[in-house]
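Student: One structure is given below, represented as structure tokens, and several questions about it will come after.
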Amino acid sequence: MVAFGTHAACAASELAGFLSKVQPTDFFASADRFGAPQGDPPLAPVYHGDELQGFVYLNSDFANSIGYSGKPIHMLVGIDPKGVITGIRLMDHKEPIVLIGIPEARIVAALNSLIGKDMKPVASGAEQPPTVDIVSGATVTVLVMSDSIVRSASKLIRSGRIGGGGAGAASAALPPVTKTVDLARSEVRDWASLVGDGSVRRLHLTVGDVNDAFSKSGNAAAAIQYPEPGNPDDTFVDLYVALVTAPTIGRSLLGDDGYQRLKDTLKPGQQAIVVAGNGTYSFKGSAYVRGGIFDRIEILQEGNSTRFRDRNHTRLGGLAAAGAPDFKEIGLFVTPPEFTLDPTQPWQLQLLVQRSLGGRDKAFLTFDLSYVLPEQYMRREQRAVTVPENAPTPATASAAAAQTAAAEADEPLWVRMWRSNTVSIAITALMLAALTGIFFFQNLLVRRPVLYTWVRRAYLVFVLVWLGWYANAQLSVVNVVTFSNALITGFHWEFFLAAPLIFVLWAATAGGLLFWGRGPFCGWLCPFGALQELTNTIAKWLKVPQLTVPWGLHERLWPVKYIIFLGLFGLSLYSVDMAERFAEVEPFKTAIILKFARSWPFVAYAVALLVIGLFVERFFCRYLCPLGAALAIPGRMRTFEWLRRWQECGSPCQRCAKECPVQSIHPEGHINVNECIYCMHCQELYYDDHRCPHMIQVRLKREKFTAMSSPSMRAGGGGPKTVITHAGKPVATGAGTTPSTSS
């Protein structure tokens, strides 16, 4: 099983040092000793007496293992001579979410699923890399750990040092045979014959098959609490797949006209596949409607994979082959240009079956439908090979070719993360576009106070629920510390790109700093800030008394958050590990990432801040938030100043200063942009001719002019006067019947 070490950090390749901290039985039950590390990168043989049990190696010697902290994650991995992973031990890391927050047992359980996996098929490209269960709140960390283990094991096997990497040399010595699709063979066949010889392949699953598969997966909730409804013999999905690039199959299923149109649109190297299905489960799903991607089917070949997008898809109403049944769904899919599907080699269509577990939790299973183009559709050609002098042996060439192909098939983790989060990235981009629109057209919005209020509340609710609690995209001062440390110790884009939503938000926040300062993030995009404001809004609705901090004390509490930030930044120069631990002054991890599922001291601290915020709006943002301080410093370079002020603001009028939710307006009237969260409340007052004294005066003058212009006023003279006062002193007078107003 996976065990966690608490040892000091160790540089890569110091395998021997880590081995002194573990036992051979941690990796092989009957082992009694380690041998001396050998080779480069080093492998340590593990013995029972004189009998070789397997090897132990350090993952970071073979594959990238840089985690979210920007530091390598060091793990010892046991692997037997056949290429099966036998044990994993996490020796050293700097991941803040694991150091403080996520229970270690959850990370252990996720990584333990790799033990017992045979990595030879993965290394050869015959199988997809195994996946581990995602741990909510530690997605990047867990994916980096599992990806590093899989990649390192695959690289080790491909090197030929274990797992029989040199097998197949004899076949490599034979002259190569080229296989291509025989485009000259073209006939029209009926449905029964196409299915009979494998031209069309079928995957049939009943409700009972799916329920049994979930039971065997070990997910009790998915199997027992949420079974698939219906009779066990009912059809869950009846799926058919065919490669219609082959002329006979294409003409038979699409008809002559349909096949000709397909040929005219296909680019060189592209293949076309027909997928047809019946049953209660849709192979198309609905994600392609929302995000343009068919997330339930995937094409796999030799370790490469692709999913189809709506631009690769054509809906078909039926199949032309005689005797073909009616299908509820038929899709014609064309492989994207960046994915090369060899039609002469086996490939698989993988069907993803998902089951809702209540709320937003889901369980997933995959079912493979293998496809091999029948030999009758292919043409074989054998060509002679000229071997130059000093050429490598066939075995060496074969191994080198396998390594090259595997290296080309390897895809960085961050690329997979961006591809798998396409929908979330699109939603985040729409959120940011909407916020940009709010800022650019703020004057139109704040002139309509009711609309402005509900737009802001709705936006904050979405930020809290979706961006924060669902997507876990909460920025933190830890990101600032990690980024700064990376600039000093060695910058790598990979581990910043491994969290797509965090990267997008940071890019947007950086842009917002140049345009408007810290306000866009602190006032609109921070999930914990949204939680504070929404709970305070509820408190006001419940008539909870609001406390106003005296200006003198308030002004002296401002520097506290800057002191906290500078302390964390200075501490990070000494130890990033310690800085990340002290960064728990932020309750973000507790309240947003872990949703209060944490030990009671952390929960009590977060709840205490929220309770104080019921009486003093955004108490944490005002006085304690180190991230707000970190953003305020570069935010002074902002380009725009779109918060408008009247000449009377601050002298004599104090209304905006008194109503500012975070007291960022000085008594003399100017706005402290370091503290402003750009909530636009002052701009709402700016245009309100019933609350802003300046606008009231403008309105009264307008009404007086209108009244004086009326026939009755020209005939009978003026009416009673209205006096606008502030602090007991008259500010303006006007004719009319409007009652006296005080600001």
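Naming scheme: A, B, ... for chains in displayed order of the structure tokens; residues 1 onward per chain; ligands 1 onward as shown.
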Would you pick out the contacts of range 431-448 of chain A at 7 Å or less, using only C-alpha atoms, so that residues sharing its chain but fewer than 6 positions from it are not included, and give the list as a ChimeraX atom specification?

Tutor: /A:683-684,687

Student: Mind listing the strand (DSSP E or B) residues of range 243-338 of chain A, per DSSP on the backbone, as an NGL selection string?

Tutor: :A and (243 or 272-278 or 293 or 297-301 or 304-306 or 309 or 313-315 or 329-334)

Student: Give me, as a list of chain:residue names, all polymer residues having an atom no more than 10 Å from Val544 in chain A, counting only C-alpha atoms and skipping those fewer than 6 positions away in the same chain.

Tutor: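 Non-adjacent residues within range: A:Asn536, A:Thr537, A:Ile538, A:Leu614, A:Phe615.
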
Student: Can I get the selection written as a tab-separated table (two decimals), in the first residue's frame, with N, CA and C atoms?

Tutor:
```tsv
chain	number	residue	atom	x	y	z
A	536	ASN	N	-23.84	38.40	4.63
A	536	ASN	CA	-24.14	39.70	5.23
A	536	ASN	C	-25.45	40.27	4.68
A	537	THR	N	-25.72	40.02	3.42
A	537	THR	CA	-26.99	40.46	2.83
A	537	THR	C	-28.16	39.79	3.53
A	538	ILE	N	-28.02	38.49	3.79
A	538	ILE	CA	-29.08	37.79	4.53
A	538	ILE	C	-29.21	38.35	5.94
A	614	LEU	N	-21.16	39.04	9.57
A	614	LEU	CA	-22.60	39.34	9.64
A	614	LEU	C	-22.83	40.73	10.22
A	615	PHE	N	-21.89	41.21	11.04
A	615	PHE	CA	-22.03	42.51	11.69
A	615	PHE	C	-21.16	43.58	11.03
```

Student: Quick check, in Å to one decimal: how far apart do CA of Gly519 in chain A and CA of Val463 in chain A lie?

Tutor: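 CA of Val463 in chain A lies at a distance of 14.9 Å from CA of Gly519 in chain A.
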
Student: For the atom pair CA of Asp233 in chain A and CA of Arg315 in chain A, what is the interatomic distance in Å to one decimal place?

Tutor: 29.0 Å

Student: Near Trp524 in chain A, counting only C-alpha atoms, which residues have an atom at most 12 Å away, once you skip same-chain residues fewer than 4 positions from it, shown as number ranges by chain?

Tutor: A: 431-432, 434-436, 438-439, 455-464, 467, 505, 508-509, 512, 518-520, 528-534, 676-680

Student: Can you tell me, as a ChimeraX atom specification, what residues are no more than 12 Å from Val122 in chain A when counting only C-alpha atoms, ignoring any on the same chain fewer than 4 positions away?

Tutor: /A:83-84,117-118,126-131,150-158,163,301-304,406,409-410

Student: Determine, counting only C-alpha atoms, which protein, DNA and RNA residues have an atom within 12 Å of an atom of range 607-612 of chain A; residues of the same chain fewer than 4 positions away are not included. Present the result as a ChimeraX atom specification.

Tutor: /A:528-536,538-539,544-547,585-588,590-592,595-596,600-603,616-625

Student: Can those selected residues be exported to a file as a CSV table (one decimal), in the first residue's frame so that it contains C-alpha atoms?

Tutor:
```
chain,number,residue,atom,x,y,z
A,528,PHE,CA,-15.0,33.5,-0.3
A,529,GLY,CA,-15.7,37.2,-0.8
A,530,ALA,CA,-19.0,36.3,-2.4
A,531,LEU,CA,-19.8,34.1,0.6
A,532,GLN,CA,-19.1,37.0,3.0
A,533,GLU,CA,-21.2,39.4,1.1
A,534,LEU,CA,-24.2,37.1,0.5
A,535,THR,CA,-24.3,36.0,4.2
A,536,ASN,CA,-24.1,39.7,5.2
A,538,ILE,CA,-29.1,37.8,4.5
A,539,ALA,CA,-28.1,39.2,7.9
A,544,VAL,CA,-29.0,42.0,12.2
A,545,PRO,CA,-27.4,45.3,13.5
A,546,GLN,CA,-24.5,46.5,11.4
A,547,LEU,CA,-21.5,47.9,13.2
A,585,VAL,CA,-4.7,32.6,7.8
A,586,GLU,CA,-6.8,32.4,4.6
A,587,PRO,CA,-10.0,30.4,5.3
A,588,PHE,CA,-10.4,29.7,1.6
A,590,THR,CA,-11.7,25.3,4.6
A,591,ALA,CA,-14.7,27.2,3.4
A,592,ILE,CA,-14.5,26.8,-0.4
A,595,LYS,CA,-16.5,22.9,2.0
A,596,PHE,CA,-16.0,22.9,5.8
A,600,TRP,CA,-12.7,21.6,13.9
A,601,PRO,CA,-10.1,24.3,14.6
A,602,PHE,CA,-10.0,25.3,10.9
A,603,VAL,CA,-13.8,25.2,10.6
A,616,VAL,CA,-19.1,44.1,9.8
A,617,GLU,CA,-19.5,43.5,6.1
A,618,ARG,CA,-16.4,41.8,4.5
A,619,PHE,CA,-14.4,41.9,7.7
A,620,PHE,CA,-11.8,39.5,6.5
A,621,CYS,CA,-11.4,41.3,3.1
A,622,ARG,CA,-11.0,44.6,4.9
A,623,TYR,CA,-8.4,43.8,7.5
A,624,LEU,CA,-6.9,40.3,7.1
A,625,CYS,CA,-6.8,39.1,3.5
```

Student: I want to know what sits within 9 Å of Leu573 in chain A, based on only C-alpha atoms, with residues of the same chain fewer than 5 positions away left out; could you give that as a ChimeraX atom specification?

Tutor: /A:481,485,568,579
